[in-house]
Amino acid sequence: MNAPALPPSAEERARQIRCVIFDIDGVMTDCKLYLTHDGEEIKAVNVRDGLGIKLLMKNGIEVAVISGRPSVAMQKRLEFLDVKHIWLNTEDKLPAYRKLLDTVGISDAQCAHMGDDVPDLPLFLRVGLALAPGDAHPKAKAAAHWISQARGGDGAIREAVDFILACQGKD
Ligand SMILES: [Mg+2]
């Protein structure tokens, strides 16, 4: 009798990836919001993470962002980075995810998602590769196939990009 097949490793999963979805708060940022007297929200992004996003696209891997919160500044930042698939103010991430797969023409196994909290779990259950920053909520970390050393907003995206590209023999 054959031994039961082992589940695929994170490296094997990463080799299939043709599109990576990123959450914003806690992934592209450190999860903090600075609130001004005018009620505006200020958040910081990491420039090396931004370069990681560009590197993915340069290597033919699509990038998407699905976030539960609205942000004019983040919309501008993502457009500056040439990210084509942007859903902000989208609390239920599944319909956006389904539309993305349709638009790009890929399967679940060819999609990765990096998220840090419970709203990311529905996508974690479907994508081929679920990625979490090192300081993600324990439930997100428990469901992830791969966890970065770096914290959200502080290099987690770049580390994930380097991992995926290395698994695919690209840089
Ligand atoms: Mg988040």
# chains A, B, ... in the order shown; residues from 1 in each chain; ligands from 1

$ residues_around --residues "region 17-21 of chain A" --least-positions-apart "6" --cutoff "6 Å" --atoms "only C-alpha atoms" --output "ChimeraX atom specification"
/A:61-65,110-113

$ write_last_selection --atoms "all heavy atoms" --output "PDB file, in the first residue's frame"
ATOM      1  N   ILE A  61       4.504  38.237 -12.718  1.00  0.00           N
ATOM      2  CA  ILE A  61       3.523  37.803 -11.716  1.00  0.00           C
ATOM      3  C   ILE A  61       2.578  38.983 -11.429  1.00  0.00           C
ATOM      4  O   ILE A  61       3.035  40.092 -11.138  1.00  0.00           O
ATOM      5  CB  ILE A  61       4.222  37.324 -10.428  1.00  0.00           C
ATOM      6  CG1 ILE A  61       5.072  36.089 -10.736  1.00  0.00           C
ATOM      7  CG2 ILE A  61       3.192  37.021  -9.332  1.00  0.00           C
ATOM      8  CD1 ILE A  61       5.921  35.603  -9.580  1.00  0.00           C
ATOM      9  N   GLU A  62       1.277  38.741 -11.560  1.00  0.00           N
ATOM     10  CA  GLU A  62       0.289  39.811 -11.349  1.00  0.00           C
ATOM     11  C   GLU A  62       0.207  40.154  -9.869  1.00  0.00           C
ATOM     12  O   GLU A  62       0.422  39.292  -9.002  1.00  0.00           O
ATOM     13  CB  GLU A  62      -1.094  39.337 -11.813  1.00  0.00           C
ATOM     14  CG  GLU A  62      -1.147  38.975 -13.279  1.00  0.00           C
ATOM     15  CD  GLU A  62      -1.679  40.118 -14.135  1.00  0.00           C
ATOM     16  OE1 GLU A  62      -1.962  41.207 -13.591  1.00  0.00           O
ATOM     17  OE2 GLU A  62      -1.807  39.895 -15.347  1.00  0.00           O
ATOM     18  N   VAL A  63      -0.102  41.414  -9.587  1.00  0.00           N
ATOM     19  CA  VAL A  63      -0.270  41.858  -8.197  1.00  0.00           C
ATOM     20  C   VAL A  63      -1.663  42.453  -8.025  1.00  0.00           C
ATOM     21  O   VAL A  63      -2.129  43.217  -8.885  1.00  0.00           O
ATOM     22  CB  VAL A  63       0.799  42.908  -7.824  1.00  0.00           C
ATOM     23  CG1 VAL A  63       0.515  43.493  -6.439  1.00  0.00           C
ATOM     24  CG2 VAL A  63       2.191  42.286  -7.860  1.00  0.00           C
ATOM     25  N   ALA A  64      -2.316  42.089  -6.928  1.00  0.00           N
ATOM     26  CA  ALA A  64      -3.633  42.649  -6.599  1.00  0.00           C
ATOM     27  C   ALA A  64      -3.637  43.080  -5.143  1.00  0.00           C
ATOM     28  O   ALA A  64      -2.864  42.563  -4.328  1.00  0.00           O
ATOM     29  CB  ALA A  64      -4.720  41.596  -6.838  1.00  0.00           C
ATOM     30  N   VAL A  65      -4.504  44.043  -4.828  1.00  0.00           N
ATOM     31  CA  VAL A  65      -4.678  44.476  -3.441  1.00  0.00           C
ATOM     32  C   VAL A  65      -6.165  44.441  -3.123  1.00  0.00           C
ATOM     33  O   VAL A  65      -6.978  44.984  -3.880  1.00  0.00           O
ATOM     34  CB  VAL A  65      -4.109  45.903  -3.237  1.00  0.00           C
ATOM     35  CG1 VAL A  65      -4.520  46.447  -1.879  1.00  0.00           C
ATOM     36  CG2 VAL A  65      -2.593  45.882  -3.358  1.00  0.00           C
ATOM     37  N   GLN A 110      -2.826  28.872  -8.346  1.00  0.00           N
ATOM     38  CA  GLN A 110      -1.851  29.802  -8.935  1.00  0.00           C
ATOM     39  C   GLN A 110      -1.877  31.175  -8.265  1.00  0.00           C
ATOM     40  O   GLN A 110      -1.192  32.086  -8.702  1.00  0.00           O
ATOM     41  CB  GLN A 110      -2.135  29.956 -10.431  1.00  0.00           C
ATOM     42  CG  GLN A 110      -1.876  28.659 -11.203  1.00  0.00           C
ATOM     43  CD  GLN A 110      -2.347  28.757 -12.636  1.00  0.00           C
ATOM     44  OE1 GLN A 110      -3.450  29.211 -12.921  1.00  0.00           O
ATOM     45  NE2 GLN A 110      -1.507  28.343 -13.564  1.00  0.00           N
ATOM     46  N   CYS A 111      -2.681  31.287  -7.186  1.00  0.00           N
ATOM     47  CA  CYS A 111      -2.834  32.578  -6.522  1.00  0.00           C
ATOM     48  C   CYS A 111      -2.293  32.492  -5.087  1.00  0.00           C
ATOM     49  O   CYS A 111      -2.491  31.496  -4.396  1.00  0.00           O
ATOM     50  CB  CYS A 111      -4.313  32.947  -6.511  1.00  0.00           C
ATOM     51  SG  CYS A 111      -4.588  34.694  -6.222  1.00  0.00           S
ATOM     52  N   ALA A 112      -1.604  33.534  -4.652  1.00  0.00           N
ATOM     53  CA  ALA A 112      -1.138  33.644  -3.257  1.00  0.00           C
ATOM     54  C   ALA A 112      -1.833  34.840  -2.618  1.00  0.00           C
ATOM     55  O   ALA A 112      -2.208  35.788  -3.311  1.00  0.00           O
ATOM     56  CB  ALA A 112       0.373  33.844  -3.217  1.00  0.00           C
ATOM     57  N   HIS A 113      -2.008  34.767  -1.319  1.00  0.00           N
ATOM     58  CA  HIS A 113      -2.559  35.926  -0.601  1.00  0.00           C
ATOM     59  C   HIS A 113      -1.746  36.160   0.657  1.00  0.00           C
ATOM     60  O   HIS A 113      -1.468  35.230   1.409  1.00  0.00           O
ATOM     61  CB  HIS A 113      -4.023  35.673  -0.227  1.00  0.00           C
ATOM     62  CG  HIS A 113      -4.610  36.789   0.607  1.00  0.00           C
ATOM     63  ND1 HIS A 113      -4.616  38.097   0.184  1.00  0.00           N
ATOM     64  CD2 HIS A 113      -5.185  36.800   1.831  1.00  0.00           C
ATOM     65  CE1 HIS A 113      -5.186  38.861   1.116  1.00  0.00           C
ATOM     66  NE2 HIS A 113      -5.535  38.093   2.132  1.00  0.00           N
TER      67      HIS A 113
END

$ residues_near_ligand --ligand "ligand 1" --cutoff "10 Å" --atoms "only C-alpha atoms and all ligand atoms" --output "MDAnalysis selection string"
chainID A and resid 22:31 66:69 114:120 132 136:137 140 152

$ atom_distance --atom1 "CA of Leu55 (chain A)" --atom2 "CA of Ala96 (chain A)"
23.5 Å

$ residues_around --residues "Ala144 (chain A)" --least-positions-apart "6" --cutoff "7 Å" --atoms "only C-alpha atoms" --output "PyMOL selection string"
chain A and resi 124+130-132

$ write_last_selection --atoms "N, CA and C atoms" --output "PDB file, in the first residue's frame"
ATOM      1  N   PHE A 124      -7.405  32.615   2.586  1.00  0.00           N
ATOM      2  CA  PHE A 124      -6.370  31.644   2.974  1.00  0.00           C
ATOM      3  C   PHE A 124      -6.836  30.207   2.687  1.00  0.00           C
ATOM      4  N   ALA A 130      -0.850  30.674   1.167  1.00  0.00           N
ATOM      5  CA  ALA A 130      -1.287  31.686   2.141  1.00  0.00           C
ATOM      6  C   ALA A 130      -0.070  32.173   2.913  1.00  0.00           C
ATOM      7  N   LEU A 131       0.153  33.495   2.880  1.00  0.00           N
ATOM      8  CA  LEU A 131       1.356  34.105   3.474  1.00  0.00           C
ATOM      9  C   LEU A 131       0.938  35.032   4.608  1.00  0.00           C
ATOM     10  N   ALA A 132       1.670  35.005   5.721  1.00  0.00           N
ATOM     11  CA  ALA A 132       1.350  35.903   6.842  1.00  0.00           C
ATOM     12  C   ALA A 132       2.615  36.617   7.318  1.00  0.00           C
TER      13      ALA A 132
END

$ select_by_dssp --residues "region 82-153 of chain A" --states "helix (DSSP H, G or I)" --output "PyMOL selection string"
chain A and resi 93-104+108-110+118-124+138-143

$ atom_distance --atom1 "CA of Tyr34 (chain A)" --atom2 "CA of His85 (chain A)"
26.3 Å

$ residues_around --residues "Arg13 (chain A)" --least-positions-apart "6" --cutoff "8 Å" --atoms "only C-alpha atoms" --output "PyMOL selection string"
chain A and resi 109+128-129

$ write_last_selection --atoms "N, CA, C and O atoms" --output "mmCIF file, in the first residue's frame"
data_model
loop_
_atom_site.group_PDB
_atom_site.id
_atom_site.type_symbol
_atom_site.label_atom_id
_atom_site.label_comp_id
_atom_site.auth_asym_id
_atom_site.auth_seq_id
_atom_site.Cartn_x
_atom_site.Cartn_y
_atom_site.Cartn_z
ATOM 1 N N ALA A 109 -4.870 27.548 -7.127
ATOM 2 C CA ALA A 109 -3.511 27.082 -6.836
ATOM 3 C C ALA A 109 -2.443 28.040 -7.361
ATOM 4 O O ALA A 109 -1.307 28.037 -6.880
ATOM 5 N N GLY A 128 -3.593 28.948 -3.316
ATOM 6 C CA GLY A 128 -2.553 27.932 -3.310
ATOM 7 C C GLY A 128 -1.493 28.195 -2.262
ATOM 8 O O GLY A 128 -0.888 27.262 -1.729
ATOM 9 N N LEU A 129 -1.251 29.481 -1.969
ATOM 10 C CA LEU A 129 -0.193 29.843 -1.022
ATOM 11 C C LEU A 129 -0.675 30.989 -0.125
ATOM 12 O O LEU A 129 -0.896 32.102 -0.604
#

$ closest_residue --among "A:Arg48, A:Arg77, A:Lys141, A:Lys99" --to "Gly153 (chain A)" --atoms "only C-alpha atoms"
A:Arg48

$ residues_around --residues "Asp162 (chain A)" --least-positions-apart "6" --cutoff "12 Å" --atoms "only C-alpha atoms" --output "JSON, numbers by chain"
{"A": [11, 14, 48, 49, 51, 52, 53, 54, 55, 56, 59, 148, 155, 156, 168, 169, 170, 171]}

$ select_by_dssp --residues "region 43-136 of chain A" --states "strand (DSSP E or B)" --output "list in words"
Glu62, Val63, Ala64, Val65, Ile66, His85, Ile86, Trp87, Cys111, Ala112, His113, Met114, Leu129, Ala130, Leu131 and Ala132 of chain A

$ atom_distance --atom1 "CA of Leu125 (chain A)" --atom2 "CA of Thr103 (chain A)"
20.3 Å
